[in-house]
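Structure data (compact mmCIF, N, CA and C atoms) from coords.txt:
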# COMPACT_ATOMS: atom_id res chain seq x y z
N MET A 78 36.16 -21.45 27.31
CA MET A 78 37.15 -20.92 28.22
C MET A 78 36.54 -19.76 28.99
N PRO A 79 36.95 -19.58 30.22
CA PRO A 79 36.35 -18.53 31.06
C PRO A 79 36.40 -17.13 30.45
N VAL A 80 37.45 -16.80 29.73
CA VAL A 80 37.61 -15.46 29.20
C VAL A 80 36.60 -15.13 28.09
N GLN A 81 36.09 -16.12 27.43
CA GLN A 81 35.24 -15.90 26.26
C GLN A 81 33.98 -15.10 26.57
N THR A 82 33.26 -15.46 27.61
CA THR A 82 31.99 -14.79 27.91
C THR A 82 32.21 -13.32 28.25
N SER A 83 33.19 -13.03 29.10
CA SER A 83 33.39 -11.64 29.50
C SER A 83 33.86 -10.79 28.32
N ILE A 84 34.73 -11.30 27.50
CA ILE A 84 35.24 -10.51 26.38
C ILE A 84 34.15 -10.34 25.33
N ALA A 85 33.31 -11.36 25.15
CA ALA A 85 32.19 -11.23 24.20
C ALA A 85 31.21 -10.16 24.68
N LEU A 86 30.86 -10.17 25.96
CA LEU A 86 29.95 -9.14 26.49
C LEU A 86 30.58 -7.76 26.39
N TYR A 87 31.88 -7.66 26.63
CA TYR A 87 32.57 -6.37 26.50
C TYR A 87 32.51 -5.88 25.06
N LEU A 88 32.77 -6.75 24.11
CA LEU A 88 32.73 -6.38 22.70
C LEU A 88 31.32 -5.95 22.30
N ILE A 89 30.31 -6.69 22.73
CA ILE A 89 28.92 -6.34 22.45
C ILE A 89 28.64 -4.93 22.98
N HIS A 90 29.07 -4.66 24.20
CA HIS A 90 28.89 -3.34 24.82
C HIS A 90 29.52 -2.25 23.97
N ARG A 91 30.77 -2.45 23.56
CA ARG A 91 31.48 -1.43 22.77
C ARG A 91 30.81 -1.22 21.41
N LEU A 92 30.36 -2.28 20.78
CA LEU A 92 29.67 -2.14 19.50
C LEU A 92 28.39 -1.35 19.66
N LYS A 93 27.62 -1.67 20.70
CA LYS A 93 26.37 -0.95 20.94
C LYS A 93 26.63 0.53 21.22
N GLN A 94 27.69 0.82 21.99
CA GLN A 94 28.05 2.21 22.26
C GLN A 94 28.33 2.97 20.97
N ALA A 95 28.85 2.28 19.98
CA ALA A 95 29.19 2.90 18.70
C ALA A 95 28.00 2.93 17.74
N GLY A 96 26.84 2.47 18.20
CA GLY A 96 25.65 2.48 17.35
C GLY A 96 25.57 1.30 16.40
N ILE A 97 26.35 0.28 16.67
CA ILE A 97 26.36 -0.93 15.84
C ILE A 97 25.53 -1.99 16.54
N THR A 98 24.58 -2.57 15.83
CA THR A 98 23.73 -3.61 16.41
C THR A 98 24.42 -4.96 16.30
N PRO A 99 24.85 -5.53 17.42
CA PRO A 99 25.53 -6.82 17.36
C PRO A 99 24.55 -7.98 17.22
N VAL A 100 24.96 -8.98 16.48
CA VAL A 100 24.24 -10.24 16.37
C VAL A 100 25.23 -11.31 16.77
N VAL A 101 24.86 -12.14 17.73
CA VAL A 101 25.75 -13.19 18.21
C VAL A 101 25.31 -14.51 17.59
N ALA A 102 26.28 -15.20 17.01
CA ALA A 102 26.02 -16.54 16.48
C ALA A 102 27.04 -17.47 17.11
N GLY A 103 26.59 -18.62 17.55
CA GLY A 103 27.49 -19.57 18.18
C GLY A 103 26.83 -20.92 18.34
N ASN A 104 27.61 -21.85 18.87
CA ASN A 104 26.99 -23.14 19.18
C ASN A 104 26.11 -22.97 20.40
N ARG A 105 25.33 -23.95 20.70
CA ARG A 105 24.34 -23.85 21.78
C ARG A 105 25.00 -23.48 23.11
N SER A 106 26.13 -24.08 23.43
CA SER A 106 26.81 -23.81 24.69
C SER A 106 27.27 -22.37 24.79
N ALA A 107 27.89 -21.86 23.73
CA ALA A 107 28.40 -20.48 23.75
C ALA A 107 27.26 -19.48 23.89
N VAL A 108 26.19 -19.68 23.15
CA VAL A 108 25.04 -18.77 23.25
C VAL A 108 24.41 -18.85 24.64
N THR A 109 24.30 -20.06 25.18
CA THR A 109 23.71 -20.23 26.51
C THR A 109 24.54 -19.52 27.58
N LEU A 110 25.86 -19.60 27.47
CA LEU A 110 26.72 -18.88 28.43
C LEU A 110 26.43 -17.38 28.43
N LEU A 111 26.24 -16.81 27.25
CA LEU A 111 25.94 -15.38 27.17
C LEU A 111 24.55 -15.06 27.69
N VAL A 112 23.58 -15.89 27.37
CA VAL A 112 22.21 -15.67 27.85
C VAL A 112 22.16 -15.73 29.37
N VAL A 113 22.85 -16.69 29.96
CA VAL A 113 22.88 -16.81 31.42
C VAL A 113 23.63 -15.64 32.05
N ALA A 114 24.69 -15.17 31.42
CA ALA A 114 25.47 -14.06 31.95
C ALA A 114 24.73 -12.73 31.82
N ASP A 115 23.79 -12.63 30.89
CA ASP A 115 23.04 -11.39 30.66
C ASP A 115 21.55 -11.71 30.55
N PRO A 116 20.93 -12.16 31.67
CA PRO A 116 19.55 -12.65 31.61
C PRO A 116 18.53 -11.59 31.20
N LYS A 117 18.78 -10.32 31.48
CA LYS A 117 17.84 -9.27 31.07
C LYS A 117 18.14 -8.76 29.66
N ARG A 118 19.17 -9.34 29.05
CA ARG A 118 19.60 -8.96 27.70
C ARG A 118 19.86 -7.46 27.60
N GLU A 119 20.55 -6.97 28.62
CA GLU A 119 20.95 -5.56 28.59
C GLU A 119 22.04 -5.32 27.55
N TYR A 120 22.85 -6.32 27.29
CA TYR A 120 23.88 -6.24 26.27
C TYR A 120 23.55 -7.14 25.09
N LEU A 121 23.28 -8.36 25.39
CA LEU A 121 23.01 -9.36 24.36
C LEU A 121 21.68 -9.06 23.67
N GLY A 122 21.71 -8.94 22.38
CA GLY A 122 20.49 -8.76 21.60
C GLY A 122 20.15 -10.05 20.91
N GLU A 123 20.18 -10.02 19.58
CA GLU A 123 19.86 -11.21 18.81
C GLU A 123 20.97 -12.24 18.95
N ALA A 124 20.56 -13.47 19.20
CA ALA A 124 21.50 -14.58 19.31
C ALA A 124 20.92 -15.75 18.53
N LEU A 125 21.75 -16.37 17.70
CA LEU A 125 21.26 -17.49 16.91
C LEU A 125 22.32 -18.55 16.74
N ASP A 126 21.88 -19.70 16.31
CA ASP A 126 22.76 -20.84 16.07
C ASP A 126 23.72 -20.50 14.93
N LEU A 127 24.98 -20.85 15.09
CA LEU A 127 26.01 -20.53 14.11
C LEU A 127 25.72 -21.14 12.74
N ASP A 128 25.27 -22.38 12.70
CA ASP A 128 24.98 -23.01 11.41
C ASP A 128 23.83 -22.29 10.70
N ARG A 129 22.87 -21.82 11.47
CA ARG A 129 21.74 -21.06 10.88
C ARG A 129 22.25 -19.74 10.31
N ALA A 130 23.14 -19.08 11.02
CA ALA A 130 23.71 -17.82 10.53
C ALA A 130 24.48 -18.05 9.23
N ILE A 131 25.27 -19.11 9.18
CA ILE A 131 26.02 -19.43 7.97
C ILE A 131 25.07 -19.69 6.81
N ASP A 132 24.01 -20.45 7.06
CA ASP A 132 23.03 -20.72 6.00
C ASP A 132 22.42 -19.42 5.49
N GLN A 133 22.08 -18.50 6.38
CA GLN A 133 21.49 -17.22 5.96
C GLN A 133 22.44 -16.41 5.09
N ILE A 134 23.72 -16.44 5.41
CA ILE A 134 24.70 -15.71 4.60
C ILE A 134 24.86 -16.38 3.24
N ILE A 135 24.97 -17.68 3.22
CA ILE A 135 25.11 -18.42 1.95
C ILE A 135 23.91 -18.17 1.05
N GLU A 136 22.71 -18.12 1.64
CA GLU A 136 21.48 -17.92 0.87
C GLU A 136 21.23 -16.45 0.54
N HIS A 137 22.18 -15.58 0.90
CA HIS A 137 22.09 -14.13 0.64
C HIS A 137 20.88 -13.50 1.32
N LYS A 138 20.46 -14.06 2.45
CA LYS A 138 19.37 -13.49 3.22
C LYS A 138 19.88 -12.48 4.25
N ARG A 139 21.21 -12.54 4.51
CA ARG A 139 21.77 -11.69 5.54
C ARG A 139 23.28 -11.65 5.37
N ASP A 140 23.87 -10.53 5.76
CA ASP A 140 25.32 -10.43 5.83
C ASP A 140 25.64 -9.33 6.83
N PHE A 141 26.90 -9.15 7.13
CA PHE A 141 27.31 -8.23 8.16
C PHE A 141 28.49 -7.39 7.68
N ASP A 142 28.71 -6.27 8.35
CA ASP A 142 29.85 -5.41 8.03
C ASP A 142 31.10 -5.85 8.78
N LEU A 143 30.92 -6.32 10.00
CA LEU A 143 32.02 -6.77 10.85
C LEU A 143 31.71 -8.18 11.33
N CYS A 144 32.75 -8.99 11.46
CA CYS A 144 32.57 -10.34 12.00
C CYS A 144 33.74 -10.66 12.92
N PHE A 145 33.44 -10.98 14.16
CA PHE A 145 34.44 -11.36 15.15
C PHE A 145 34.26 -12.84 15.43
N VAL A 146 35.29 -13.61 15.18
CA VAL A 146 35.23 -15.04 15.46
C VAL A 146 36.15 -15.31 16.64
N PHE A 147 35.59 -15.84 17.71
CA PHE A 147 36.35 -16.18 18.91
C PHE A 147 36.95 -17.56 18.71
N ILE A 148 38.28 -17.64 18.80
CA ILE A 148 38.98 -18.86 18.43
C ILE A 148 39.89 -19.33 19.57
N HIS A 149 39.68 -20.56 20.01
CA HIS A 149 40.61 -21.18 20.96
C HIS A 149 41.00 -22.60 20.55
N ASN A 150 40.54 -23.02 19.36
CA ASN A 150 40.92 -24.34 18.84
C ASN A 150 40.76 -24.38 17.33
N ASP A 151 41.05 -25.52 16.74
CA ASP A 151 41.02 -25.65 15.28
C ASP A 151 39.63 -25.41 14.68
N SER A 152 38.59 -25.81 15.39
CA SER A 152 37.25 -25.61 14.82
C SER A 152 36.93 -24.12 14.71
N GLY A 153 37.44 -23.31 15.61
CA GLY A 153 37.26 -21.87 15.51
C GLY A 153 37.94 -21.30 14.27
N VAL A 154 39.12 -21.83 13.96
CA VAL A 154 39.82 -21.41 12.75
C VAL A 154 38.99 -21.78 11.52
N SER A 155 38.40 -22.95 11.53
CA SER A 155 37.56 -23.39 10.40
C SER A 155 36.35 -22.48 10.22
N TYR A 156 35.70 -22.12 11.32
CA TYR A 156 34.56 -21.22 11.22
C TYR A 156 34.99 -19.85 10.71
N ALA A 157 36.13 -19.36 11.16
CA ALA A 157 36.63 -18.06 10.69
C ALA A 157 36.91 -18.13 9.18
N ALA A 158 37.54 -19.20 8.74
CA ALA A 158 37.81 -19.36 7.31
C ALA A 158 36.51 -19.40 6.51
N THR A 159 35.52 -20.08 7.04
CA THR A 159 34.21 -20.13 6.38
C THR A 159 33.62 -18.73 6.27
N MET A 160 33.63 -17.98 7.36
CA MET A 160 33.09 -16.63 7.33
C MET A 160 33.86 -15.76 6.35
N GLY A 161 35.17 -15.91 6.31
CA GLY A 161 35.97 -15.15 5.36
C GLY A 161 35.62 -15.45 3.91
N ALA A 162 35.22 -16.69 3.66
CA ALA A 162 34.90 -17.11 2.30
C ALA A 162 33.49 -16.72 1.87
N ILE A 163 32.54 -16.66 2.80
CA ILE A 163 31.14 -16.46 2.40
C ILE A 163 30.60 -15.06 2.68
N SER A 164 31.26 -14.30 3.52
CA SER A 164 30.72 -13.01 3.96
C SER A 164 31.56 -11.85 3.45
N LYS A 165 30.92 -10.72 3.26
CA LYS A 165 31.63 -9.51 2.88
C LYS A 165 32.17 -8.77 4.12
N ALA A 166 31.90 -9.28 5.29
CA ALA A 166 32.28 -8.62 6.54
C ALA A 166 33.79 -8.47 6.68
N ARG A 167 34.21 -7.39 7.34
CA ARG A 167 35.60 -7.26 7.75
C ARG A 167 35.78 -8.26 8.88
N LEU A 168 36.72 -9.19 8.71
CA LEU A 168 36.87 -10.33 9.61
C LEU A 168 37.95 -10.09 10.66
N TYR A 169 37.59 -10.36 11.91
CA TYR A 169 38.51 -10.28 13.04
C TYR A 169 38.59 -11.65 13.70
N ALA A 170 39.79 -12.17 13.83
CA ALA A 170 40.01 -13.43 14.55
C ALA A 170 40.47 -13.08 15.95
N VAL A 171 39.64 -13.37 16.94
CA VAL A 171 39.97 -13.11 18.34
C VAL A 171 40.47 -14.44 18.91
N VAL A 172 41.79 -14.56 19.03
CA VAL A 172 42.42 -15.83 19.39
C VAL A 172 42.91 -15.74 20.84
N TYR A 173 42.62 -16.78 21.61
CA TYR A 173 43.00 -16.79 23.02
C TYR A 173 43.25 -18.22 23.47
N GLY A 174 43.83 -18.35 24.64
CA GLY A 174 44.10 -19.67 25.21
C GLY A 174 45.58 -19.91 25.41
N GLU A 175 45.88 -21.03 26.02
CA GLU A 175 47.27 -21.41 26.32
C GLU A 175 48.15 -21.45 25.08
N HIS A 176 47.62 -21.96 23.99
CA HIS A 176 48.41 -22.18 22.78
C HIS A 176 47.96 -21.25 21.66
N TYR A 177 47.64 -20.02 22.02
CA TYR A 177 47.13 -19.05 21.05
C TYR A 177 48.11 -18.83 19.90
N ASP A 178 49.41 -18.86 20.18
CA ASP A 178 50.41 -18.60 19.14
C ASP A 178 50.39 -19.68 18.06
N GLN A 179 50.16 -20.93 18.44
CA GLN A 179 50.06 -22.01 17.45
C GLN A 179 48.81 -21.84 16.60
N ILE A 180 47.74 -21.39 17.22
CA ILE A 180 46.49 -21.18 16.47
C ILE A 180 46.67 -20.02 15.49
N VAL A 181 47.28 -18.94 15.93
CA VAL A 181 47.53 -17.81 15.04
C VAL A 181 48.36 -18.25 13.84
N ALA A 182 49.36 -19.09 14.07
CA ALA A 182 50.22 -19.58 12.99
C ALA A 182 49.45 -20.41 11.96
N SER A 183 48.31 -20.99 12.37
CA SER A 183 47.54 -21.83 11.46
C SER A 183 46.54 -21.03 10.62
N ILE A 184 46.39 -19.76 10.89
CA ILE A 184 45.44 -18.93 10.13
C ILE A 184 46.09 -18.54 8.81
N GLU A 185 45.50 -19.01 7.73
CA GLU A 185 46.06 -18.79 6.39
C GLU A 185 45.08 -18.06 5.48
N PHE A 186 44.28 -17.18 6.02
CA PHE A 186 43.31 -16.42 5.24
C PHE A 186 43.34 -14.98 5.74
N PRO A 187 42.89 -14.05 4.94
CA PRO A 187 42.95 -12.64 5.34
C PRO A 187 42.00 -12.33 6.50
N CYS A 188 42.55 -11.71 7.53
CA CYS A 188 41.76 -11.25 8.66
C CYS A 188 42.65 -10.39 9.55
N GLN A 189 42.02 -9.61 10.39
CA GLN A 189 42.73 -8.87 11.43
C GLN A 189 42.79 -9.81 12.64
N THR A 190 43.98 -10.05 13.16
CA THR A 190 44.13 -10.97 14.29
C THR A 190 44.32 -10.20 15.58
N ILE A 191 43.52 -10.56 16.57
CA ILE A 191 43.63 -10.03 17.92
C ILE A 191 43.90 -11.26 18.78
N ALA A 192 45.11 -11.35 19.34
CA ALA A 192 45.49 -12.59 20.01
C ALA A 192 46.24 -12.34 21.30
N ALA A 193 45.95 -13.17 22.30
CA ALA A 193 46.64 -13.08 23.58
C ALA A 193 46.53 -14.42 24.31
N LYS A 194 47.47 -14.65 25.21
CA LYS A 194 47.45 -15.87 26.02
C LYS A 194 46.48 -15.66 27.19
N ALA A 195 45.23 -15.47 26.84
CA ALA A 195 44.19 -15.21 27.83
C ALA A 195 43.38 -16.48 28.05
N VAL A 196 43.26 -16.89 29.29
CA VAL A 196 42.44 -18.04 29.64
C VAL A 196 41.39 -17.60 30.68
N HIS A 197 41.86 -17.02 31.78
CA HIS A 197 40.97 -16.55 32.84
C HIS A 197 40.90 -15.03 32.89
N ASN A 198 41.97 -14.37 32.54
CA ASN A 198 42.05 -12.91 32.63
C ASN A 198 41.71 -12.28 31.28
N PRO A 199 40.61 -11.54 31.19
CA PRO A 199 40.23 -10.94 29.91
C PRO A 199 40.99 -9.66 29.56
N MET A 200 41.77 -9.13 30.48
CA MET A 200 42.40 -7.83 30.26
C MET A 200 43.34 -7.77 29.05
N PRO A 201 44.16 -8.79 28.77
CA PRO A 201 45.00 -8.69 27.57
C PRO A 201 44.17 -8.56 26.28
N LEU A 202 43.08 -9.29 26.18
CA LEU A 202 42.23 -9.18 25.00
C LEU A 202 41.49 -7.85 24.98
N LYS A 203 41.01 -7.41 26.12
CA LYS A 203 40.33 -6.11 26.20
C LYS A 203 41.26 -5.00 25.72
N LYS A 204 42.49 -5.02 26.20
CA LYS A 204 43.47 -4.00 25.81
C LYS A 204 43.69 -4.03 24.30
N MET A 205 43.83 -5.21 23.74
CA MET A 205 44.06 -5.32 22.30
C MET A 205 42.84 -4.87 21.50
N LEU A 206 41.66 -5.22 21.95
CA LEU A 206 40.44 -4.74 21.29
C LEU A 206 40.36 -3.23 21.33
N ASP A 207 40.69 -2.65 22.47
CA ASP A 207 40.65 -1.19 22.60
C ASP A 207 41.67 -0.52 21.68
N GLU A 208 42.81 -1.15 21.50
CA GLU A 208 43.84 -0.59 20.61
C GLU A 208 43.41 -0.68 19.14
N VAL A 209 42.79 -1.78 18.77
CA VAL A 209 42.33 -1.96 17.39
C VAL A 209 41.07 -1.13 17.15
N ALA A 210 40.23 -1.01 18.16
CA ALA A 210 38.98 -0.23 18.13
C ALA A 210 38.18 -0.44 16.84
N PRO A 211 37.80 -1.67 16.53
CA PRO A 211 37.08 -1.94 15.28
C PRO A 211 35.72 -1.25 15.21
N TRP A 212 35.14 -0.91 16.34
CA TRP A 212 33.85 -0.25 16.36
C TRP A 212 33.97 1.21 15.91
N ALA A 213 35.17 1.75 15.87
CA ALA A 213 35.36 3.14 15.48
C ALA A 213 35.65 3.30 13.99
N ALA A 214 35.86 2.20 13.30
CA ALA A 214 36.24 2.29 11.87
C ALA A 214 35.05 2.58 10.98

File written out as structure tokens:
Amino acid sequence: MPVQTSIALYLIHRLKQAGITPVVAGNRSAVTLLVVADPKREYLGEALDLDRAIDQIIEHKRDFDLCFVFIHNDSGVSYAATMGAISKARLYAVVYGEHYDQIVASIEFPCQTIAAKAVHNPMPLKKMLDEVAPWAA
């Protein structure tokens, strides 16, 4: 969805401002969107395949303090549930899209939910991220 790339870059920016080194994990398309949007990697740092990141966490080679899962469909909920089960990270579900409320209702695991009916306009999600300010915790 159009909102995903801009909100992801905004979140990366805010984390870096707070001295937190972001690592982006996603499917090939999601990572490519970010690489193309930030070709000099002024914001985007390490980016890796989501399945590889999950394997590293399961194998205890890596873990994180914070985890933001961008969710606009059922597979996003599944990935968030997986991260909640395997990682010690404080989990944030960033839910967006036309039917965000139905997706939020399907989340049955502990996490902080940031949700808005955002498809093209990133401002509702930006406002909610700023209110939650996870980078300040």

Between atom CA of Ala107 of chain A and atom CA of Glu119 of chain A, what is the distance, to one decimal in Å? 17.4 Å

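Going from atom CA of Ala195 of chain A over to atom CA of Ala170 of chain A, you cover 14.0 Å.
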
If you run DSSP on the backbone, which residues of segment 121-202 of chain A are strand (DSSP E), as a PyMOL selection string? chain A and resi 123-126+143-148+167-173+189-193

What's the separation between atom N of Trp212 of chain A and atom CA of Arg118 of chain A, in Å to one decimal place? 20.9 Å

Mind checking which residues fall within 6.5 Å of segment 126-129 of chain A, counting all atoms listed in the file, ignoring those fewer than 5 positions away in the same chain, and posting them as a short mmCIF file (atom, residue, chain, number, x, y, z; two decimals) with N, CA and C atoms, in the frame of the given file?
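What follows is the written file part.cif:
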data_model
loop_
_atom_site.label_atom_id
_atom_site.label_comp_id
_atom_site.auth_asym_id
_atom_site.auth_seq_id
_atom_site.Cartn_x
_atom_site.Cartn_y
_atom_site.Cartn_z
N VAL A 101 24.86 -12.14 17.73
CA VAL A 101 25.75 -13.19 18.21
C VAL A 101 25.31 -14.51 17.59
N ALA A 102 26.28 -15.20 17.01
CA ALA A 102 26.02 -16.54 16.48
C ALA A 102 27.04 -17.47 17.11
N GLY A 103 26.59 -18.62 17.55
CA GLY A 103 27.49 -19.57 18.18
C GLY A 103 26.83 -20.92 18.34
N ASN A 104 27.61 -21.85 18.87
CA ASN A 104 26.99 -23.14 19.18
C ASN A 104 26.11 -22.97 20.40
N ARG A 105 25.33 -23.95 20.70
CA ARG A 105 24.34 -23.85 21.78
C ARG A 105 25.00 -23.48 23.11
N ILE A 134 23.72 -16.44 5.41
CA ILE A 134 24.70 -15.71 4.60
C ILE A 134 24.86 -16.38 3.24
#

Given only C-alpha atoms as the basis, pick out the residue of A:Pro211, A:Gly174, A:Pro116, A:Gly161 nearest to His149 of chain A. A:Gly174

Show me, as JSON, numbers by chain, the residues that have an atom within 8 Å of Ile89 of chain A when counting all atoms listed in the file, minus same-chain residues fewer than 3 positions from it. {"A": [83, 84, 85, 86, 92, 93, 94, 95, 97, 98, 99, 100, 120, 121, 122]}

Using only C-alpha atoms, the shortest atom-to-atom distance to Met200 of chain A among A:Ala162, A:Asp132, A:Asp115, A:Tyr173 belongs to A:Tyr173

Could you check which of A:Val196, A:Ile131, A:Leu206, A:Cys188 is closest to Thr159 of chain A, using all atoms listed in the file?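 Using all atoms listed in the file, Thr159 of chain A sits closest to A:Ile131.
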
Got a sec: who's within 12 Å of Ser106 of chain A, counting only C-alpha atoms, leaving out chain neighbours fewer than 4 positions off, as a list in words?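 That gives Met78, Gln81, Thr82, Ala102, Leu110, Leu111, Val112, Val113, Ala124, Leu125, Asp126 and Leu127 of chain A.
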
Those residues you just picked out, can you put them in a file as a short mmCIF file (atom, residue, chain, number, x, y, z; two decimals), in the coordinates of the input with N, CA and C atoms?
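The file below, again39.cif, is the result:
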data_model
loop_
_atom_site.label_atom_id
_atom_site.label_comp_id
_atom_site.auth_asym_id
_atom_site.auth_seq_id
_atom_site.Cartn_x
_atom_site.Cartn_y
_atom_site.Cartn_z
N MET A 78 36.16 -21.45 27.31
CA MET A 78 37.15 -20.92 28.22
C MET A 78 36.54 -19.76 28.99
N GLN A 81 36.09 -16.12 27.43
CA GLN A 81 35.24 -15.90 26.26
C GLN A 81 33.98 -15.10 26.57
N THR A 82 33.26 -15.46 27.61
CA THR A 82 31.99 -14.79 27.91
C THR A 82 32.21 -13.32 28.25
N ALA A 102 26.28 -15.20 17.01
CA ALA A 102 26.02 -16.54 16.48
C ALA A 102 27.04 -17.47 17.11
N LEU A 110 25.86 -19.60 27.47
CA LEU A 110 26.72 -18.88 28.43
C LEU A 110 26.43 -17.38 28.43
N LEU A 111 26.24 -16.81 27.25
CA LEU A 111 25.94 -15.38 27.17
C LEU A 111 24.55 -15.06 27.69
N VAL A 112 23.58 -15.89 27.37
CA VAL A 112 22.21 -15.67 27.85
C VAL A 112 22.16 -15.73 29.37
N VAL A 113 22.85 -16.69 29.96
CA VAL A 113 22.88 -16.81 31.42
C VAL A 113 23.63 -15.64 32.05
N ALA A 124 20.56 -13.47 19.20
CA ALA A 124 21.50 -14.58 19.31
C ALA A 124 20.92 -15.75 18.53
N LEU A 125 21.75 -16.37 17.70
CA LEU A 125 21.26 -17.49 16.91
C LEU A 125 22.32 -18.55 16.74
N ASP A 126 21.88 -19.70 16.31
CA ASP A 126 22.76 -20.84 16.07
C ASP A 126 23.72 -20.50 14.93
N LEU A 127 24.98 -20.85 15.09
CA LEU A 127 26.01 -20.53 14.11
C LEU A 127 25.72 -21.14 12.74
#
